[in-house]
file my_file_39.cif (mmCIF, C-alpha atoms)
data_upload
loop_
_atom_site.label_atom_id
_atom_site.label_comp_id
_atom_site.auth_asym_id
_atom_site.auth_seq_id
_atom_site.Cartn_x
_atom_site.Cartn_y
_atom_site.Cartn_z
CA MET E 1 -20.36 29.80 3.92
CA MET E 2 -20.13 30.61 7.63
CA ASP E 3 -23.01 30.31 10.08
CA ALA E 4 -24.29 33.78 11.05
CA ALA E 5 -24.16 33.10 14.81
CA ILE E 6 -20.58 31.81 14.55
CA LYS E 7 -19.56 34.87 12.55
CA LYS E 8 -21.18 37.20 15.07
CA LYS E 9 -19.28 35.66 17.99
CA LEU E 10 -16.03 35.61 16.03
CA PHE E 11 -16.28 39.33 15.31
CA GLU E 12 -17.40 40.28 18.82
CA GLY E 13 -14.25 38.59 20.11
CA THR E 14 -13.82 35.55 22.29
CA VAL E 15 -11.39 33.14 23.95
CA ILE E 16 -10.19 30.29 21.71
CA PRO E 17 -7.61 27.99 23.32
CA ALA E 18 -5.25 26.01 21.10
CA HIS E 19 -6.09 22.44 22.10
CA PRO E 20 -3.20 20.26 23.42
CA LEU E 21 -2.75 16.51 22.91
CA ALA E 22 -3.20 14.04 25.79
CA LEU E 23 -0.80 11.09 25.74
CA THR E 24 0.00 8.04 27.85
CA ASN E 25 3.54 7.33 29.05
CA GLU E 26 3.90 5.14 25.95
CA ARG E 27 3.19 8.24 23.83
CA LYS E 28 -0.14 6.85 22.65
CA LEU E 29 -3.35 8.86 22.57
CA ASP E 30 -4.97 9.14 26.00
CA GLU E 31 -8.56 9.43 24.83
CA ARG E 32 -9.93 10.00 28.32
CA GLY E 33 -7.50 12.87 28.86
CA GLN E 34 -8.23 14.27 25.41
CA ARG E 35 -11.95 14.40 26.16
CA ALA E 36 -11.25 15.88 29.60
CA LEU E 37 -9.34 18.75 28.01
CA THR E 38 -12.23 19.67 25.72
CA ARG E 39 -14.66 19.44 28.66
CA TYR E 40 -12.36 21.69 30.71
CA TYR E 41 -12.38 24.41 28.06
CA ILE E 42 -16.15 24.24 27.58
CA ASP E 43 -16.81 24.44 31.34
CA ALA E 44 -14.33 27.32 31.65
CA GLY E 45 -16.57 29.34 29.33
CA VAL E 46 -14.44 29.68 26.21
CA GLY E 47 -16.04 30.69 22.92
CA GLY E 48 -14.36 28.00 20.84
CA VAL E 49 -11.37 25.70 20.47
CA ALA E 50 -8.70 25.20 17.82
CA VAL E 51 -7.74 21.56 17.25
CA GLY E 52 -4.94 20.12 15.12
CA VAL E 53 -2.82 23.25 15.53
CA HIS E 54 0.77 23.73 16.75
CA THR E 55 -0.18 23.11 20.39
CA THR E 56 -1.86 19.83 19.35
CA GLN E 57 1.49 18.91 17.75
CA PHE E 58 1.87 18.94 13.99
CA GLU E 59 3.18 15.35 14.22
CA ILE E 60 -0.38 14.03 14.62
CA ARG E 61 -0.36 14.00 10.79
CA ASP E 62 2.67 11.72 10.64
CA PRO E 63 1.67 8.22 9.40
CA ARG E 64 3.55 6.79 12.40
CA PHE E 65 0.93 8.32 14.70
CA ASN E 66 -2.06 8.91 12.36
CA LEU E 67 -4.01 10.96 14.91
CA PHE E 68 -5.20 13.99 12.94
CA GLU E 69 -8.69 12.73 12.16
CA LYS E 70 -9.12 11.08 15.54
CA VAL E 71 -8.36 14.16 17.65
CA LEU E 72 -10.57 16.37 15.47
CA GLU E 73 -13.42 13.88 15.84
CA ILE E 74 -13.07 13.64 19.63
CA ALA E 75 -13.36 17.40 20.05
CA ILE E 76 -16.44 17.56 17.82
CA GLU E 77 -18.10 14.75 19.78
CA GLU E 78 -17.57 16.55 23.09
CA ILE E 79 -18.78 19.88 21.71
CA LYS E 80 -21.96 18.24 20.42
CA LYS E 81 -22.56 16.60 23.81
CA ALA E 82 -22.19 19.96 25.55
CA ASN E 83 -24.67 21.57 23.14
CA VAL E 84 -23.17 25.05 23.47
CA PRO E 85 -24.75 27.52 21.01
CA ASP E 86 -22.42 29.33 18.55
CA PHE E 87 -19.31 27.49 19.80
CA ILE E 88 -16.53 28.24 17.30
CA LYS E 89 -14.80 25.11 16.00
CA VAL E 90 -11.43 25.77 14.35
CA ALA E 91 -9.39 23.04 12.65
CA GLY E 92 -5.69 23.38 12.04
CA ILE E 93 -4.73 22.92 8.40
CA CYS E 94 -1.16 22.74 7.15
CA GLY E 95 1.19 21.24 4.58
CA PRO E 96 1.40 21.49 0.79
CA ALA E 97 -1.79 22.28 -1.12
CA GLU E 98 -2.77 18.65 -1.71
CA GLN E 99 -2.49 17.80 1.99
CA ALA E 100 -4.15 21.04 3.08
CA ILE E 101 -7.10 20.44 0.74
CA LYS E 102 -7.67 16.97 2.21
CA GLU E 103 -7.48 18.31 5.77
CA ALA E 104 -9.87 21.16 4.98
CA ALA E 105 -12.39 18.84 3.35
CA PHE E 106 -12.31 16.43 6.29
CA ALA E 107 -12.65 19.23 8.88
CA LYS E 108 -15.58 20.74 6.99
CA SER E 109 -17.28 17.37 6.63
CA ILE E 110 -17.38 16.72 10.39
CA GLY E 111 -18.55 20.17 11.40
CA TYR E 112 -15.63 22.57 11.82
CA ASP E 113 -16.45 26.22 11.14
CA LEU E 114 -13.06 27.54 10.07
CA GLY E 115 -9.66 26.26 9.03
CA LEU E 116 -6.60 27.84 10.67
CA LEU E 117 -4.27 27.75 7.69
CA SER E 118 -0.60 27.54 8.63
CA MET E 119 2.08 28.81 6.26
CA GLY E 120 4.78 26.95 8.21
CA GLY E 121 7.10 24.39 6.69
CA LEU E 122 6.61 25.72 3.15
CA GLN E 123 9.78 27.71 2.74
CA GLU E 124 10.12 26.60 -0.88
CA LEU E 125 6.87 28.32 -1.89
CA THR E 126 6.73 31.94 -3.00
CA GLU E 127 4.22 34.31 -1.42
CA SER E 128 2.17 34.14 -4.63
CA GLN E 129 2.04 30.36 -4.35
CA LEU E 130 0.93 30.64 -0.72
CA ILE E 131 -1.88 32.95 -1.83
CA GLU E 132 -2.96 30.43 -4.48
CA ARG E 133 -2.96 27.71 -1.81
CA THR E 134 -5.12 29.90 0.44
CA GLU E 135 -7.60 30.51 -2.39
CA LYS E 136 -7.98 26.75 -2.85
CA ILE E 137 -8.66 26.18 0.85
CA ALA E 138 -11.11 29.09 0.96
CA GLU E 139 -13.20 27.31 -1.66
CA ILE E 140 -13.68 24.48 0.85
CA ILE E 141 -13.92 26.08 4.29
CA PRO E 142 -13.85 29.62 5.74
CA VAL E 143 -10.21 30.50 6.37
CA PHE E 144 -8.55 31.74 9.55
CA GLY E 145 -5.21 33.12 8.34
CA PHE E 146 -2.17 32.46 10.51
CA TYR E 147 1.08 34.39 10.92
CA LEU E 148 3.20 31.75 12.70
CA GLN E 149 6.36 32.96 14.39
CA PRO E 150 9.60 31.92 12.63
CA SER E 151 11.01 30.38 15.83
CA VAL E 152 8.59 27.45 15.58
CA GLY E 153 8.51 26.90 11.84
CA GLY E 154 6.91 30.03 10.42
CA ARG E 155 8.41 32.64 8.13
CA VAL E 156 8.40 36.40 7.71
CA LEU E 157 5.63 37.44 5.32
CA SER E 158 5.28 40.83 3.66
CA TYR E 159 2.63 43.51 3.97
CA ASP E 160 1.67 42.78 0.35
CA PHE E 161 1.08 39.13 1.19
CA TRP E 162 -1.35 39.98 3.98
CA LYS E 163 -3.12 42.54 1.81
CA GLN E 164 -3.68 39.90 -0.88
CA LEU E 165 -4.80 37.35 1.71
CA ALA E 166 -7.30 39.80 3.23
CA ASP E 167 -8.78 40.36 -0.24
CA ILE E 168 -9.64 36.65 -0.67
CA PRO E 169 -13.37 35.94 -0.29
CA ASN E 170 -14.11 33.49 2.54
CA VAL E 171 -11.13 34.60 4.63
CA TYR E 172 -12.83 35.77 7.81
CA ALA E 173 -10.08 36.01 10.43
CA ILE E 174 -6.32 36.24 10.88
CA LYS E 175 -4.35 34.99 13.86
CA ILE E 176 -1.41 37.38 14.29
CA ALA E 177 1.38 35.43 15.98
CA PRO E 178 4.83 36.55 14.80
CA PHE E 179 5.80 37.64 18.36
CA ASN E 180 7.00 40.84 16.72
CA ARG E 181 5.47 44.34 16.90
CA TYR E 182 6.55 45.41 13.41
CA GLN E 183 5.18 42.29 11.74
CA THR E 184 1.98 42.57 13.77
CA LEU E 185 1.51 46.09 12.41
CA ASP E 186 2.06 44.81 8.86
CA VAL E 187 -1.02 42.59 9.21
CA VAL E 188 -3.18 45.28 10.82
CA ARG E 189 -2.25 47.82 8.14
CA ALA E 190 -2.82 45.32 5.35
CA VAL E 191 -6.29 44.43 6.59
CA ALA E 192 -7.18 48.10 7.10
CA HIS E 193 -6.29 48.80 3.46
CA SER E 194 -8.37 45.90 2.15
CA ASP E 195 -11.89 46.49 0.85
CA ARG E 196 -12.80 43.48 3.02
CA ARG E 197 -11.55 45.10 6.22
CA ASP E 198 -14.97 44.78 7.87
CA GLU E 199 -15.12 41.09 6.94
CA ILE E 200 -11.85 40.20 8.71
CA ALA E 201 -11.66 39.60 12.46
CA LEU E 202 -8.18 40.00 13.93
CA TYR E 203 -7.10 37.63 16.69
CA THR E 204 -3.93 37.75 18.72
CA GLY E 205 -1.60 34.80 18.75
CA ASN E 206 1.18 36.89 20.29
CA ASP E 207 1.40 34.95 23.53
CA ASP E 208 4.11 37.37 24.71
CA ASN E 209 1.82 40.42 24.43
CA ILE E 210 -1.73 39.19 24.94
CA VAL E 211 -3.30 41.88 27.10
CA ASN E 212 -1.80 44.85 25.26
CA ASP E 213 -2.96 43.43 21.94
CA LEU E 214 -6.51 43.10 23.26
CA LEU E 215 -6.58 46.60 24.76
CA THR E 216 -5.28 48.45 21.71
CA THR E 217 -7.28 50.25 19.04
CA PHE E 218 -5.19 50.55 15.89
CA ARG E 219 -5.71 53.60 13.68
CA VAL E 220 -4.58 53.39 10.06
CA ARG E 221 -4.89 56.19 7.51
CA VAL E 222 -6.51 54.93 4.33
CA GLY E 223 -6.85 57.64 1.73
CA ASP E 224 -8.40 60.67 3.38
CA HIS E 225 -9.85 58.93 6.44
CA LEU E 226 -8.77 56.90 9.46
CA VAL E 227 -9.71 53.24 9.77
CA GLU E 228 -9.94 51.86 13.29
CA LYS E 229 -9.27 48.18 13.77
CA ARG E 230 -9.21 46.19 16.98
CA ILE E 231 -7.84 42.75 17.79
CA ALA E 232 -11.15 41.16 18.73
CA GLY E 233 -10.02 38.11 20.68
CA GLY E 234 -7.30 35.52 20.97
CA LEU E 235 -6.46 32.09 19.62
CA LEU E 236 -3.57 31.12 21.82
CA GLY E 237 -1.56 28.18 23.11
CA HIS E 238 -1.08 30.09 26.35
CA TRP E 239 -4.85 30.09 26.83
CA SER E 240 -4.88 26.29 26.97
CA VAL E 241 -3.83 26.54 30.64
CA TRP E 242 -5.39 28.41 33.58
CA THR E 243 -8.29 28.90 31.18
CA LYS E 244 -11.01 29.80 33.66
CA ARG E 245 -9.00 32.84 34.77
CA VAL E 246 -8.34 33.66 31.11
CA VAL E 247 -12.07 33.86 30.43
CA GLU E 248 -12.63 36.07 33.47
CA LEU E 249 -9.78 38.39 32.48
CA PHE E 250 -11.01 38.61 28.90
CA GLU E 251 -14.41 39.77 30.14
CA GLU E 252 -12.67 42.46 32.21
CA ILE E 253 -10.76 43.59 29.13
CA LYS E 254 -13.89 43.73 26.97
CA ALA E 255 -15.64 45.82 29.62
CA VAL E 256 -13.00 48.57 29.58
CA ARG E 257 -11.39 48.61 26.16
CA GLU E 258 -13.91 51.04 24.68
CA GLN E 259 -13.05 53.58 27.37
CA ASP E 260 -10.52 56.38 26.97
CA TYR E 261 -8.54 55.23 30.00
CA ILE E 262 -7.32 51.71 30.69
CA PRO E 263 -6.94 50.62 34.34
CA SER E 264 -3.24 50.27 35.12
CA LYS E 265 -3.90 46.97 36.91
CA LEU E 266 -4.67 45.36 33.55
CA LEU E 267 -1.33 46.50 32.16
CA THR E 268 0.39 45.04 35.21
CA ILE E 269 -1.46 41.73 34.84
CA GLY E 270 -0.46 41.77 31.19
CA GLN E 271 3.21 41.78 32.12
CA GLU E 272 2.66 39.04 34.69
CA ILE E 273 1.07 36.94 31.97
CA THR E 274 4.02 37.61 29.68
CA ASP E 275 6.36 36.44 32.45
CA ALA E 276 4.27 33.28 32.85
CA ASN E 277 4.35 32.71 29.12
CA GLY E 278 8.13 32.96 29.13
CA ALA E 279 8.21 29.96 31.47
CA PHE E 280 5.47 27.92 29.85
CA PHE E 281 6.74 28.53 26.32
CA ASP E 282 10.43 28.25 27.19
CA ALA E 283 11.42 31.62 25.73
CA LYS E 284 14.96 31.26 27.13
CA HIS E 285 15.58 28.35 24.76
CA GLN E 286 13.88 29.72 21.64
CA PHE E 287 10.56 28.03 22.55
CA LYS E 288 11.91 24.48 22.29
CA GLY E 289 9.94 23.40 25.35
CA SER E 290 6.73 25.26 24.54
CA ILE E 291 4.44 22.25 24.08
CA ALA E 292 5.98 20.29 26.94
CA GLY E 293 5.62 23.39 29.14
CA ILE E 294 1.90 23.67 28.47
CA ASN E 295 1.53 19.94 29.09
CA GLU E 296 3.48 20.26 32.36
CA VAL E 297 0.96 22.75 33.75
CA LEU E 298 -1.97 20.55 32.74
CA THR E 299 -0.22 17.56 34.32
CA ARG E 300 0.20 19.40 37.62
CA GLN E 301 -3.55 20.02 37.57
CA GLY E 302 -4.27 16.34 36.92
CA ILE E 303 -5.90 16.71 33.50
CA LEU E 304 -2.99 15.08 31.68
CA GLN E 305 -1.07 12.01 32.82
CA GLY E 306 2.29 13.57 31.96
CA ASN E 307 3.98 16.25 29.88
CA TRP E 308 4.94 13.82 27.11
CA CYS E 309 4.95 14.76 23.43
CA LEU E 310 4.82 12.47 20.41
CA LEU E 311 8.51 13.09 19.69
CA GLU E 312 10.86 12.18 22.52
CA SER E 313 13.00 15.18 21.57
CA GLU E 314 10.09 17.45 22.59
CA GLN E 315 10.52 17.88 26.33
CA LEU E 316 11.09 20.45 29.05
CA SER E 317 14.34 22.38 28.69
CA PRO E 318 16.91 22.58 31.49
CA GLY E 319 15.59 24.92 34.18
CA GLN E 320 12.10 25.16 32.66
CA LYS E 321 10.44 23.17 35.45
CA GLU E 322 11.96 25.52 38.00
CA GLU E 323 10.72 28.52 36.03
CA ILE E 324 7.19 27.10 36.10
CA ASP E 325 7.58 26.59 39.87
CA ARG E 326 8.51 30.27 40.16
CA ILE E 327 5.48 31.38 38.16
CA TYR E 328 3.15 29.33 40.33
CA ALA E 329 4.64 30.91 43.46
CA GLU E 330 4.68 34.50 42.19
CA TYR E 331 1.28 34.67 40.49
CA PRO E 332 -1.25 32.52 42.39
CA HIS E 333 -4.04 34.84 41.21
CA LEU E 334 -3.49 33.72 37.61
CA HIS E 335 -4.13 30.00 38.00
CA ASP E 336 -7.43 28.13 38.17
CA ASP E 337 -6.36 25.08 40.19
CA GLU E 338 -9.40 25.18 42.49
CA PHE E 339 -11.78 25.32 39.53
CA VAL E 340 -10.05 22.31 37.97
CA LYS E 341 -9.92 20.35 41.21
CA ALA E 342 -13.65 20.74 41.79
CA ARG E 343 -14.57 19.39 38.35
CA LEU E 344 -11.75 17.06 37.35
CA ASP E 345 -13.49 13.79 38.28
CA ASN E 346 -16.43 14.69 36.06
CA TRP E 347 -14.19 15.57 33.13
CA LEU E 348 -12.33 12.27 33.41
CA GLN E 349 -15.46 10.14 33.32
CA ASN E 350 -15.93 8.23 30.08
#

call {"tool": "encode", "arguments": {"input": "my_file_39.cif", "output": "structure tokens"}}
result
Amino acid sequence: MMDAAIKKKLFEGTVIPAHPLALTNERKLDERGQRALTRYYIDAGVGGVAVGVHTTQFEIRDPRFNLFEKVLEIAIEEIKKANVPDFIKVAGICGPAEQAIKEAAFAKSIGYDLGLLSMGGLQELTESQLIERTEKIAEIIPVFGFYLQPSVGGRVLSYDFWKQLADIPNVYAIKIAPFNRYQTLDVVRAVAHSDRRDEIALYTGNDDNIVNDLLTTFRVRVGDHLVEKRIAGGLLGHWSVWTKRVVELFEEIKAVREQDYIPSKLLTIGQEITDANGAFFDAKHQFKGSIAGINEVLTRQGILQGNWCLLESEQLSPGQKEEIDRIYAEYPHLHDDEFVKARLDNWLQN
């Protein structure tokens, strides 16, 4: 069910930013800004985008805002205009089975390649029921599994759950984002023990450990032999900012990760990125300001009009702005402000 070129790029590994939502100061969709964001990611050289996910704000599905279909359509329109071969289009899918089925069918109908299936907000369902839900979605669209961290609405899921999920035909990737080493290993081990291990691409969503995840080869004993599994790429909210530098760094990582020795500078940059993520994602306040923090960076660059979110309660936490100031001052080599400045007027044209 998946295009061969899309599957090839997915398994080789690439940069997939989680697409934010552009709003006016009245908290209405800023269509010009929304298109500018997609154009920014395409020009930065990413391999795909994920739209309708946590970073896009789950509230786009709320009837008060009714933006889910609109924002998915805008991204598809811009991708088609750019005419980038094998560009991976991922649609966020969430909610109870009935809602998820409708979202999957719509995303498939307008050209999305995979559905990133969130397990968040479904605490009343057993793991078996979540597997049944996944099977239903996989009949509609290729599935990108998603281990969402509990701090932002996810839940802890067992090794057995991930083993069963990996065994489902038409599941082709898993975003590992529990922000937890032990739970990350549960997913890797589960996939390694699945007969479909070679049909599952692992992607990091651990924004607190991006570089280490991408540099690591995992070895898992299965029966009498070792299975090696690598996290191929990333689907990350953190990658929705300073994206040009992200793409450049990812190419550096891909160039060295097959070697026996990893340059120490990459490990150092990895910790700098983790520090930056702590500010952007508001780790000090249990990630309450994570979406506003991403929007703040994009506002400073001029792509967004402001850091507003659909819910007024979603805003920067006390001291978060100052933390972002600190990150800008300490790590100027991580941002792509000059790249954005040179192209912003073009992105903002209708």

call {"tool": "resolve_selection", "arguments": {"input": "my_file_39.cif", "expression": "the PyMOL selection byres ((chain E and resi 304) around 12)", "output": "mmCIF file with C-alpha atoms, keeping the file's coordinate frame"}}
result
data_model
loop_
_atom_site.group_PDB
_atom_site.id
_atom_site.type_symbol
_atom_site.label_atom_id
_atom_site.label_comp_id
_atom_site.auth_asym_id
_atom_site.auth_seq_id
_atom_site.Cartn_x
_atom_site.Cartn_y
_atom_site.Cartn_z
ATOM 1 C CA PRO E 20 -3.200 20.260 23.420
ATOM 2 C CA LEU E 21 -2.750 16.510 22.910
ATOM 3 C CA ALA E 22 -3.200 14.040 25.790
ATOM 4 C CA LEU E 23 -0.800 11.090 25.740
ATOM 5 C CA THR E 24 0.000 8.040 27.850
ATOM 6 C CA ASN E 25 3.540 7.330 29.050
ATOM 7 C CA LEU E 29 -3.350 8.860 22.570
ATOM 8 C CA ASP E 30 -4.970 9.140 26.000
ATOM 9 C CA GLU E 31 -8.560 9.430 24.830
ATOM 10 C CA ARG E 32 -9.930 10.000 28.320
ATOM 11 C CA GLY E 33 -7.500 12.870 28.860
ATOM 12 C CA GLN E 34 -8.230 14.270 25.410
ATOM 13 C CA ARG E 35 -11.950 14.400 26.160
ATOM 14 C CA ALA E 36 -11.250 15.880 29.600
ATOM 15 C CA LEU E 37 -9.340 18.750 28.010
ATOM 16 C CA THR E 38 -12.230 19.670 25.720
ATOM 17 C CA TYR E 40 -12.360 21.690 30.710
ATOM 18 C CA VAL E 241 -3.830 26.540 30.640
ATOM 19 C CA ALA E 292 5.980 20.290 26.940
ATOM 20 C CA ILE E 294 1.900 23.670 28.470
ATOM 21 C CA ASN E 295 1.530 19.940 29.090
ATOM 22 C CA GLU E 296 3.480 20.260 32.360
ATOM 23 C CA VAL E 297 0.960 22.750 33.750
ATOM 24 C CA LEU E 298 -1.970 20.550 32.740
ATOM 25 C CA THR E 299 -0.220 17.560 34.320
ATOM 26 C CA ARG E 300 0.200 19.400 37.620
ATOM 27 C CA GLN E 301 -3.550 20.020 37.570
ATOM 28 C CA GLY E 302 -4.270 16.340 36.920
ATOM 29 C CA ILE E 303 -5.900 16.710 33.500
ATOM 30 C CA GLN E 305 -1.070 12.010 32.820
ATOM 31 C CA GLY E 306 2.290 13.570 31.960
ATOM 32 C CA ASN E 307 3.980 16.250 29.880
ATOM 33 C CA TRP E 308 4.940 13.820 27.110
ATOM 34 C CA CYS E 309 4.950 14.760 23.430
ATOM 35 C CA VAL E 340 -10.050 22.310 37.970
ATOM 36 C CA LEU E 344 -11.750 17.060 37.350
ATOM 37 C CA TRP E 347 -14.190 15.570 33.130
ATOM 38 C CA LEU E 348 -12.330 12.270 33.410
#

call {"tool": "closest_residue", "arguments": {"input": "my_file_39.cif", "among": "E:Ile16, E:Pro178, E:Ser151, E:Val187", "to": "Gln164 (chain E)", "atoms": "all atoms listed in the file"}}
result
E:Val187

call {"tool": "residues_around", "arguments": {"input": "my_file_39.cif", "residues": "Asp3 (chain E)", "least_positions_apart": "2", "cutoff": "10 Å", "atoms": "only C-alpha atoms", "output": "JSON, numbers by chain"}}
result
{"E": [1, 5, 6, 7, 8, 86, 88, 113]}

call {"tool": "resolve_selection", "arguments": {"input": "my_file_39.cif", "expression": "the PyMOL selection byres ((chain E and resi 137-149) around 6)", "output": "list in words"}}
result
Ile101, Leu114, Gly115, Leu116, Leu117, Ser118, Thr134, Glu135, Lys136, Pro150, Ser151, Gly154, Asn170, Val171, Ala173, Ile174, Lys175, Ile176, Ala177 and Pro178 of chain E

call {"tool": "atom_distance", "arguments": {"input": "my_file_39.cif", "atom1": "CA of Gly233 (chain E)", "atom2": "CA of Gly52 (chain E)"}}
result
19.5 Å

call {"tool": "resolve_selection", "arguments": {"input": "my_file_39.cif", "expression": "the PyMOL selection byres ((chain E and resi 78) around 12)", "output": "number ranges by chain"}}
result
E: 31-32, 34-43, 49, 71-77, 79-84, 87, 89, 347, 350

call {"tool": "residues_around", "arguments": {"input": "my_file_39.cif", "residues": "Asp282 (chain E)", "least_positions_apart": "4", "cutoff": "12 Å", "atoms": "all atoms listed in the file", "output": "ChimeraX atom specification"}}
result
/E:151-152,207-208,238,274-278,286-294,296,314-324

call {"tool": "residues_around", "arguments": {"input": "my_file_39.cif", "residues": "region 245-260 of chain E", "least_positions_apart": "2", "cutoff": "12 Å", "atoms": "only C-alpha atoms", "output": "PDB file with C-alpha atoms, in the coordinates of the input"}}
result
ATOM      1  CA  GLU E  12     -17.400  40.280  18.820  1.00  0.00           C
ATOM      2  CA  GLY E  13     -14.250  38.590  20.110  1.00  0.00           C
ATOM      3  CA  THR E  14     -13.820  35.550  22.290  1.00  0.00           C
ATOM      4  CA  VAL E  15     -11.390  33.140  23.950  1.00  0.00           C
ATOM      5  CA  ILE E  16     -10.190  30.290  21.710  1.00  0.00           C
ATOM      6  CA  PRO E  17      -7.610  27.990  23.320  1.00  0.00           C
ATOM      7  CA  TYR E  41     -12.380  24.410  28.060  1.00  0.00           C
ATOM      8  CA  ILE E  42     -16.150  24.240  27.580  1.00  0.00           C
ATOM      9  CA  ASP E  43     -16.810  24.440  31.340  1.00  0.00           C
ATOM     10  CA  ALA E  44     -14.330  27.320  31.650  1.00  0.00           C
ATOM     11  CA  GLY E  45     -16.570  29.340  29.330  1.00  0.00           C
ATOM     12  CA  VAL E  46     -14.440  29.680  26.210  1.00  0.00           C
ATOM     13  CA  GLY E  47     -16.040  30.690  22.920  1.00  0.00           C
ATOM     14  CA  GLY E  48     -14.360  28.000  20.840  1.00  0.00           C
ATOM     15  CA  ILE E 210      -1.730  39.190  24.940  1.00  0.00           C
ATOM     16  CA  VAL E 211      -3.300  41.880  27.100  1.00  0.00           C
ATOM     17  CA  ASN E 212      -1.800  44.850  25.260  1.00  0.00           C
ATOM     18  CA  ASP E 213      -2.960  43.430  21.940  1.00  0.00           C
ATOM     19  CA  LEU E 214      -6.510  43.100  23.260  1.00  0.00           C
ATOM     20  CA  LEU E 215      -6.580  46.600  24.760  1.00  0.00           C
ATOM     21  CA  THR E 216      -5.280  48.450  21.710  1.00  0.00           C
ATOM     22  CA  THR E 217      -7.280  50.250  19.040  1.00  0.00           C
ATOM     23  CA  ARG E 230      -9.210  46.190  16.980  1.00  0.00           C
ATOM     24  CA  ILE E 231      -7.840  42.750  17.790  1.00  0.00           C
ATOM     25  CA  ALA E 232     -11.150  41.160  18.730  1.00  0.00           C
ATOM     26  CA  GLY E 233     -10.020  38.110  20.680  1.00  0.00           C
ATOM     27  CA  GLY E 234      -7.300  35.520  20.970  1.00  0.00           C
ATOM     28  CA  LEU E 235      -6.460  32.090  19.620  1.00  0.00           C
ATOM     29  CA  LEU E 236      -3.570  31.120  21.820  1.00  0.00           C
ATOM     30  CA  GLY E 237      -1.560  28.180  23.110  1.00  0.00           C
ATOM     31  CA  HIS E 238      -1.080  30.090  26.350  1.00  0.00           C
ATOM     32  CA  TRP E 239      -4.850  30.090  26.830  1.00  0.00           C
ATOM     33  CA  SER E 240      -4.880  26.290  26.970  1.00  0.00           C
ATOM     34  CA  VAL E 241      -3.830  26.540  30.640  1.00  0.00           C
ATOM     35  CA  TRP E 242      -5.390  28.410  33.580  1.00  0.00           C
ATOM     36  CA  THR E 243      -8.290  28.900  31.180  1.00  0.00           C
ATOM     37  CA  ILE E 262      -7.320  51.710  30.690  1.00  0.00           C
ATOM     38  CA  PRO E 263      -6.940  50.620  34.340  1.00  0.00           C
ATOM     39  CA  SER E 264      -3.240  50.270  35.120  1.00  0.00           C
ATOM     40  CA  LYS E 265      -3.900  46.970  36.910  1.00  0.00           C
ATOM     41  CA  LEU E 266      -4.670  45.360  33.550  1.00  0.00           C
ATOM     42  CA  LEU E 267      -1.330  46.500  32.160  1.00  0.00           C
ATOM     43  CA  ILE E 269      -1.460  41.730  34.840  1.00  0.00           C
ATOM     44  CA  GLY E 270      -0.460  41.770  31.190  1.00  0.00           C
ATOM     45  CA  ILE E 273       1.070  36.940  31.970  1.00  0.00           C
ATOM     46  CA  TYR E 331       1.280  34.670  40.490  1.00  0.00           C
ATOM     47  CA  PRO E 332      -1.250  32.520  42.390  1.00  0.00           C
ATOM     48  CA  HIS E 333      -4.040  34.840  41.210  1.00  0.00           C
ATOM     49  CA  LEU E 334      -3.490  33.720  37.610  1.00  0.00           C
ATOM     50  CA  HIS E 335      -4.130  30.000  38.000  1.00  0.00           C
ATOM     51  CA  ASP E 336      -7.430  28.130  38.170  1.00  0.00           C
ATOM     52  CA  ASP E 337      -6.360  25.080  40.190  1.00  0.00           C
ATOM     53  CA  GLU E 338      -9.400  25.180  42.490  1.00  0.00           C
ATOM     54  CA  PHE E 339     -11.780  25.320  39.530  1.00  0.00           C
ATOM     55  CA  VAL E 340     -10.050  22.310  37.970  1.00  0.00           C
TER      56      VAL E 340
END

call {"tool": "closest_residue", "arguments": {"input": "my_file_39.cif", "among": "E:Lys163, E:Arg326, E:Arg343, E:Arg181", "to": "Lys244 (chain E)", "atoms": "only C-alpha atoms"}}
result
E:Arg343

call {"tool": "closest_residue", "arguments": {"input": "my_file_39.cif", "among": "E:Gln129, E:Ser158, E:Gln99, E:Gln271", "to": "Asp62 (chain E)", "atoms": "all atoms listed in the file"}}
result
E:Gln99

call {"tool": "atom_distance", "arguments": {"input": "my_file_39.cif", "atom1": "CA of Gln183 (chain E)", "atom2": "CA of Val156 (chain E)"}}
result
7.8 Å

call {"tool": "atom_distance", "arguments": {"input": "my_file_39.cif", "atom1": "CA of Ile110 (chain E)", "atom2": "CA of Ala91 (chain E)"}}
result
10.4 Å

call {"tool": "closest_residue", "arguments": {"input": "my_file_39.cif", "among": "E:Asp325, E:Asp345, E:Glu98, E:Glu312", "to": "Arg27 (chain E)", "atoms": "only C-alpha atoms"}}
result
E:Glu312

call {"tool": "closest_residue", "arguments": {"input": "my_file_39.cif", "among": "E:Pro96, E:Ala104, E:Glu124, E:Tyr203", "to": "Phe68 (chain E)", "atoms": "only C-alpha atoms"}}
result
E:Ala104

call {"tool": "residues_around", "arguments": {"input": "my_file_39.cif", "residues": "Val220 (chain E)", "least_positions_apart": "5", "cutoff": "7 Å", "atoms": "all atoms listed in the file", "output": "list of chain:residue names"}}
result
E:Arg189, E:Ala192, E:Leu226, E:Val227, E:Glu228

call {"tool": "closest_residue", "arguments": {"input": "my_file_39.cif", "among": "E:Leu165, E:Leu202, E:Val90, E:Val53", "to": "Phe11 (chain E)", "atoms": "all atoms listed in the file"}}
result
E:Leu202
